[in-house]
file coords_12.pdb (PDB, C-alpha atoms and all ligand atoms)
MODEL        1
ATOM      1  CA  MET A   1     133.957 -66.102 -63.541
ATOM      2  CA  ASN A   2     131.432 -68.961 -63.489
ATOM      3  CA  ARG A   3     127.681 -68.588 -63.286
ATOM      4  CA  GLU A   4     127.564 -69.235 -59.555
ATOM      5  CA  THR A   5     130.163 -66.542 -58.833
ATOM      6  CA  ILE A   6     128.237 -64.129 -61.044
ATOM      7  CA  SER A   7     124.997 -65.025 -59.289
ATOM      8  CA  LYS A   8     126.579 -64.208 -55.926
ATOM      9  CA  LEU A   9     127.978 -60.956 -57.303
ATOM     10  CA  LEU A  10     124.484 -59.886 -58.379
ATOM     11  CA  GLU A  11     122.983 -60.862 -55.035
ATOM     12  CA  ARG A  12     125.653 -58.890 -53.154
ATOM     13  CA  HIS A  13     124.510 -55.828 -55.094
ATOM     14  CA  GLY A  14     120.845 -56.462 -54.365
ATOM     15  CA  VAL A  15     120.027 -57.741 -57.857
ATOM     16  CA  ALA A  16     117.865 -60.877 -58.120
ATOM     17  CA  PRO A  17     119.755 -63.249 -60.461
ATOM     18  CA  THR A  18     117.157 -64.117 -63.114
ATOM     19  CA  PRO A  19     118.386 -66.262 -66.028
ATOM     20  CA  GLN A  20     118.359 -63.282 -68.415
ATOM     21  CA  ARG A  21     120.270 -61.053 -65.996
ATOM     22  CA  LEU A  22     122.803 -63.849 -65.569
ATOM     23  CA  ASP A  23     123.234 -64.104 -69.361
ATOM     24  CA  ILE A  24     123.897 -60.377 -69.573
ATOM     25  CA  ALA A  25     126.177 -60.356 -66.513
ATOM     26  CA  GLU A  26     128.136 -63.345 -67.804
ATOM     27  CA  LEU A  27     128.847 -61.499 -71.034
ATOM     28  CA  LEU A  28     129.912 -58.319 -69.252
ATOM     29  CA  PHE A  29     131.905 -59.519 -66.269
ATOM     30  CA  THR A  30     134.047 -62.325 -67.682
ATOM     31  CA  ARG A  31     136.662 -59.704 -68.642
ATOM     32  CA  PRO A  32     137.032 -55.916 -68.498
ATOM     33  CA  GLN A  33     135.279 -54.418 -71.503
ATOM     34  CA  HIS A  34     133.200 -51.592 -72.912
ATOM     35  CA  LEU A  35     130.030 -52.545 -74.745
ATOM     36  CA  SER A  36     127.078 -50.608 -76.070
ATOM     37  CA  ALA A  37     123.555 -51.920 -75.462
ATOM     38  CA  GLU A  38     123.389 -52.855 -79.164
ATOM     39  CA  GLN A  39     126.582 -54.896 -78.865
ATOM     40  CA  VAL A  40     125.198 -56.715 -75.821
ATOM     41  CA  LEU A  41     122.015 -57.465 -77.748
ATOM     42  CA  SER A  42     123.728 -58.763 -80.884
ATOM     43  CA  THR A  43     126.238 -60.863 -78.933
ATOM     44  CA  LEU A  44     123.527 -62.499 -76.814
ATOM     45  CA  ARG A  45     121.299 -63.157 -79.822
ATOM     46  CA  ALA A  46     124.252 -64.661 -81.710
ATOM     47  CA  SER A  47     125.002 -67.000 -78.815
ATOM     48  CA  ARG A  48     121.461 -68.339 -78.227
ATOM     49  CA  ALA A  49     119.805 -66.241 -75.574
ATOM     50  CA  ARG A  50     116.282 -65.033 -76.278
ATOM     51  CA  VAL A  51     116.292 -61.668 -74.679
ATOM     52  CA  SER A  52     114.417 -58.512 -75.615
ATOM     53  CA  LYS A  53     115.946 -55.101 -76.217
ATOM     54  CA  ALA A  54     113.861 -53.689 -73.341
ATOM     55  CA  THR A  55     115.224 -56.316 -70.944
ATOM     56  CA  ILE A  56     118.770 -55.450 -71.955
ATOM     57  CA  TYR A  57     118.266 -51.712 -71.406
ATOM     58  CA  ASN A  58     116.476 -52.273 -68.095
ATOM     59  CA  THR A  59     119.171 -54.667 -66.890
ATOM     60  CA  LEU A  60     122.056 -52.387 -67.902
ATOM     61  CA  ASN A  61     120.377 -49.479 -66.093
ATOM     62  CA  LEU A  62     119.805 -51.619 -63.015
ATOM     63  CA  PHE A  63     123.455 -52.771 -62.993
ATOM     64  CA  CYS A  64     124.526 -49.106 -63.170
ATOM     65  CA  GLU A  65     122.209 -48.079 -60.335
ATOM     66  CA  ARG A  66     123.622 -50.848 -58.161
ATOM     67  CA  GLY A  67     127.231 -49.957 -58.921
ATOM     68  CA  LEU A  68     128.041 -53.045 -60.991
ATOM     69  CA  LEU A  69     128.609 -51.080 -64.185
ATOM     70  CA  ARG A  70     129.290 -47.527 -65.124
ATOM     71  CA  THR A  71     128.579 -45.665 -68.310
ATOM     72  CA  VAL A  72     131.191 -43.939 -70.401
ATOM     73  CA  GLU A  73     129.603 -41.194 -72.453
ATOM     74  CA  VAL A  74     132.077 -40.198 -75.116
ATOM     75  CA  ASP A  75     129.693 -39.697 -77.988
ATOM     76  CA  PRO A  76     126.101 -38.404 -77.713
ATOM     77  CA  ALA A  77     124.989 -41.180 -80.067
ATOM     78  CA  ARG A  78     126.606 -44.002 -78.130
ATOM     79  CA  ILE A  79     126.722 -44.981 -74.467
ATOM     80  CA  TYR A  80     129.264 -47.600 -73.475
ATOM     81  CA  TYR A  81     128.847 -49.775 -70.409
ATOM     82  CA  ASP A  82     132.126 -50.346 -68.611
ATOM     83  CA  SER A  83     132.531 -53.543 -66.601
ATOM     84  CA  THR A  84     135.666 -52.351 -64.784
ATOM     85  CA  GLY A  85     134.628 -51.232 -61.321
ATOM     86  CA  GLU A  86     137.772 -49.489 -60.158
ATOM     87  CA  PRO A  87     138.334 -45.839 -61.159
ATOM     88  CA  HIS A  88     140.269 -45.336 -64.384
ATOM     89  CA  HIS A  89     140.437 -43.119 -67.473
ATOM     90  CA  HIS A  90     140.014 -43.785 -71.183
ATOM     91  CA  PHE A  91     141.464 -43.358 -74.622
ATOM     92  CA  TYR A  92     138.655 -42.906 -77.106
ATOM     93  CA  ASN A  93     139.461 -43.504 -80.743
ATOM     94  CA  VAL A  94     137.258 -41.103 -82.669
ATOM     95  CA  ASP A  95     137.825 -43.037 -85.911
ATOM     96  CA  THR A  96     137.145 -46.569 -84.712
ATOM     97  CA  GLY A  97     134.866 -45.863 -81.710
ATOM     98  CA  GLU A  98     137.140 -48.004 -79.571
ATOM     99  CA  LEU A  99     137.622 -47.339 -75.851
ATOM    100  CA  THR A 100     140.808 -48.389 -74.070
ATOM    101  CA  ASP A 101     141.408 -48.151 -70.341
ATOM    102  CA  ILE A 102     144.090 -45.880 -68.909
ATOM    103  CA  PRO A 103     145.165 -46.767 -65.362
ATOM    104  CA  LEU A 104     144.430 -44.038 -62.829
ATOM    105  CA  GLU A 105     148.113 -43.538 -61.985
ATOM    106  CA  ALA A 106     148.979 -42.854 -65.628
ATOM    107  CA  VAL A 107     147.180 -39.493 -65.576
ATOM    108  CA  GLU A 108     148.294 -36.563 -63.457
ATOM    109  CA  LEU A 109     145.655 -34.011 -62.699
ATOM    110  CA  ALA A 110     145.480 -30.863 -60.672
ATOM    111  CA  VAL A 111     142.202 -29.059 -60.141
ATOM    112  CA  ARG A 112     143.278 -25.561 -59.189
ATOM    113  CA  THR A 113     139.988 -24.199 -57.980
ATOM    114  CA  ASP A 114     137.560 -24.855 -55.138
ATOM    115  CA  LEU A 115     134.594 -27.093 -55.702
ATOM    116  CA  PRO A 116     131.251 -25.294 -55.898
ATOM    117  CA  PRO A 117     130.073 -24.552 -52.334
ATOM    118  CA  GLY A 118     128.179 -27.385 -50.697
ATOM    119  CA  THR A 119     129.464 -30.068 -53.078
ATOM    120  CA  HIS A 120     132.002 -32.852 -52.759
ATOM    121  CA  GLN A 121     134.039 -34.461 -55.498
ATOM    122  CA  GLU A 122     132.555 -37.696 -56.774
ATOM    123  CA  GLY A 123     135.194 -38.462 -59.383
ATOM    124  CA  ILE A 124     137.184 -37.242 -62.342
ATOM    125  CA  ASP A 125     136.806 -38.870 -65.727
ATOM    126  CA  VAL A 126     139.425 -38.162 -68.346
ATOM    127  CA  VAL A 127     138.824 -39.094 -71.971
ATOM    128  CA  VAL A 128     141.856 -38.702 -74.223
ATOM    129  CA  ARG A 129     140.590 -38.530 -77.804
ATOM    130  CA  VAL A 130     142.842 -40.119 -80.407
ATOM    131  CA  ARG A 131     142.624 -40.758 -84.138
ATOM    132  CA  GLY A 132     143.958 -43.448 -86.435
ATOM    133  CA  ASP A 133     144.043 -47.223 -86.625
ATOM    134  CA  SER A 134     145.254 -48.450 -83.278
ATOM    135  CA  LEU A 135     146.807 -51.742 -82.380
ATOM    136  CA  PRO A 136     145.326 -53.494 -79.372
ATOM    137  CA  ILE A 137     147.178 -52.688 -76.160
ATOM    138  CA  SER A 138     146.602 -54.171 -72.757
ATOM    139  CA  PRO A 139     146.073 -52.168 -69.537
ATOM    140  CA  HIS A 140     149.196 -53.946 -68.247
ATOM    141  CA  ASP A 141     151.299 -52.436 -71.050
ATOM    142  CA  LEU A 142     149.791 -48.998 -70.439
ATOM    143  CA  ARG A 143     150.659 -49.236 -66.745
ATOM    144  CA  ARG A 144     154.235 -50.225 -67.597
ATOM    145  CA  ARG A 145     154.548 -47.289 -69.990
ATOM    146  CA  ALA A 146     153.285 -44.932 -67.292
ATOM    147  CA  GLU A 147     155.863 -46.277 -64.829
ATOM    148  CA  GLN A 148     158.652 -45.791 -67.354
ATOM    149  CA  GLY A 149     157.459 -42.251 -68.016
ATOM    150  CA  ASN A 150     157.781 -41.418 -64.315
ATOM    151  CA  ARG A 151     161.465 -42.303 -64.161
TER     152      ARG A 151
HETATM  153 ZN    ZN B 201     137.022 -48.560 -68.951
ENDMDL
END
call {"tool": "encode", "arguments": {"input": "coords_12.pdb", "output": "structure tokens"}}
result
Amino acid sequence: MNRETISKLLERHGVAPTPQRLDIAELLFTRPQHLSAEQVLSTLRASRARVSKATIYNTLNLFCERGLLRTVEVDPARIYYDSTGEPHHHFYNVDTGELTDIPLEAVELAVRTDLPPGTHQEGIDVVVRVRGDSLPISPHDLRRRAEQGNR
């Protein structure tokens, strides 16, 4: 995604594309990933951008409000910002702190009770907690495994 595409993406979501917001968006939206605010800060500072911690927090919150990002809260001490817009689930490695996407169709769920009166379902987030050193695996491979499991 180039800077112009990112700029248009921000505008479509009602976010004015300031240079600092573009720096942050460029980092987040070039590929699907999960980053904490601290990781965004250290990556931007390492690259060149002069951006304050407050700007990063404000921008991440704004992106969430406008539906560009969502948070994954797996650990009270750490919030991850997820740049994948479509619904999906996660593996969370308790040892390494790493989040990996699980495609929606790879999890079967049945909620066998009514929703509380007057509410509607907004979404279901599944976090599968794992332990141990994991090898990197792509969402494509996970999807293929899920398909094989269904046969
Ligand atoms: Zn994710």
call {"tool": "residues_around", "arguments": {"input": "coords_12.pdb", "residues": "Ile56 in chain A", "least_positions_apart": "6", "cutoff": "12 Å", "atoms": "all atoms listed in the file", "output": "PyMOL selection string"}}
result
chain A and resi 20-25+27-28+35-45+49-50+62-63+81
call {"tool": "closest_residue", "arguments": {"input": "coords_12.pdb", "among": "A:Glu147, A:Asp133, A:Asp95, A:Glu86", "to": "ligand ZN 201 (chain B)", "atoms": "only C-alpha atoms and all ligand atoms"}}
result
A:Glu86
call {"tool": "residues_near_ligand", "arguments": {"input": "coords_12.pdb", "ligand": "ligand ZN 201 (chain B)", "cutoff": "6 Å", "atoms": "only C-alpha atoms and all ligand atoms", "output": "ChimeraX atom specification"}}
result
/A:82,84,101
call {"tool": "atom_distance", "arguments": {"input": "coords_12.pdb", "atom1": "CA of Thr30 in chain A", "atom2": "CA of Arg143 in chain A"}}
result
21.2 Å
call {"tool": "closest_atom_pairs", "arguments": {"input": "coords_12.pdb", "of": "range 14-96 of chain A", "to": "range 104-116 of chain A", "cutoff": "7 Å", "atoms": "all atoms listed in the file", "output": "CSV"}}
result
residue,atom,partner,partner_atom,distance
A:Pro87,CA,A:Leu104,CA,6.6
A:His88,CA,A:Leu104,CA,4.6
A:His89,CA,A:Leu104,CA,6.2
call {"tool": "write_last_selection", "arguments": {"input": "coords_12.pdb", "atoms": "C-alpha atoms", "output": "PDB file, in the coordinates of the input"}}
result
ATOM      1  CA  PRO A  87     138.334 -45.839 -61.159  1.00  0.00           C
ATOM      2  CA  HIS A  88     140.269 -45.336 -64.384  1.00  0.00           C
ATOM      3  CA  HIS A  89     140.437 -43.119 -67.473  1.00  0.00           C
TER       4      HIS A  89
END
call {"tool": "atom_distance", "arguments": {"input": "coords_12.pdb", "atom1": "CA of Leu10 in chain A", "atom2": "CA of Pro103 in chain A"}}
result
25.5 Å
call {"tool": "atom_distance", "arguments": {"input": "coords_12.pdb", "atom1": "CA of Phe91 in chain A", "atom2": "CA of Asn61 in chain A"}}
result
23.6 Å
call {"tool": "closest_residue", "arguments": {"input": "coords_12.pdb", "among": "A:Leu99, A:Arg66, A:Thr119, A:Glu73", "to": "Ala16 in chain A", "atoms": "only C-alpha atoms"}}
result
A:Arg66
call {"tool": "resolve_selection", "arguments": {"input": "coords_12.pdb", "expression": "the PyMOL selection byres (((chain A and resi 69) around 7) and not hetatm)", "output": "list in words"}}
result
Phe63, Cys64, Gly67, Leu68, Arg70, Thr71, Tyr81, Asp82, Ser83 and Gly85 of chain A
call {"tool": "resolve_selection", "arguments": {"input": "coords_12.pdb", "expression": "the PyMOL selection byres (((chain A and resi 129) around 10) and not hetatm)", "output": "list of chain:residue names"}}
result
A:Val74, A:His90, A:Phe91, A:Tyr92, A:Asn93, A:Val94, A:Asp95, A:Leu99, A:Val126, A:Val127, A:Val128, A:Val130, A:Arg131
call {"tool": "closest_residue", "arguments": {"input": "coords_12.pdb", "among": "A:Lys53, A:Glu26, A:Pro17, A:Gly132", "to": "Asn2 in chain A", "atoms": "all atoms listed in the file"}}
result
A:Glu26
call {"tool": "axis_aligned_box", "arguments": {"input": "coords_12.pdb", "around": "range 74-91 of chain A", "padding_each_side": "3 Å", "output": "AutoDock Vina command-line options"}}
result
--center_x 133.2 --center_y -46.0 --center_z -70.1 --size_x 22.5 --size_y 21.1 --size_z 25.9
call {"tool": "closest_residue", "arguments": {"input": "coords_12.pdb", "among": "A:Ser7, A:Thr59, A:Gln33, A:Ser47", "to": "Thr100 in chain A", "atoms": "all atoms listed in the file"}}
result
A:Gln33
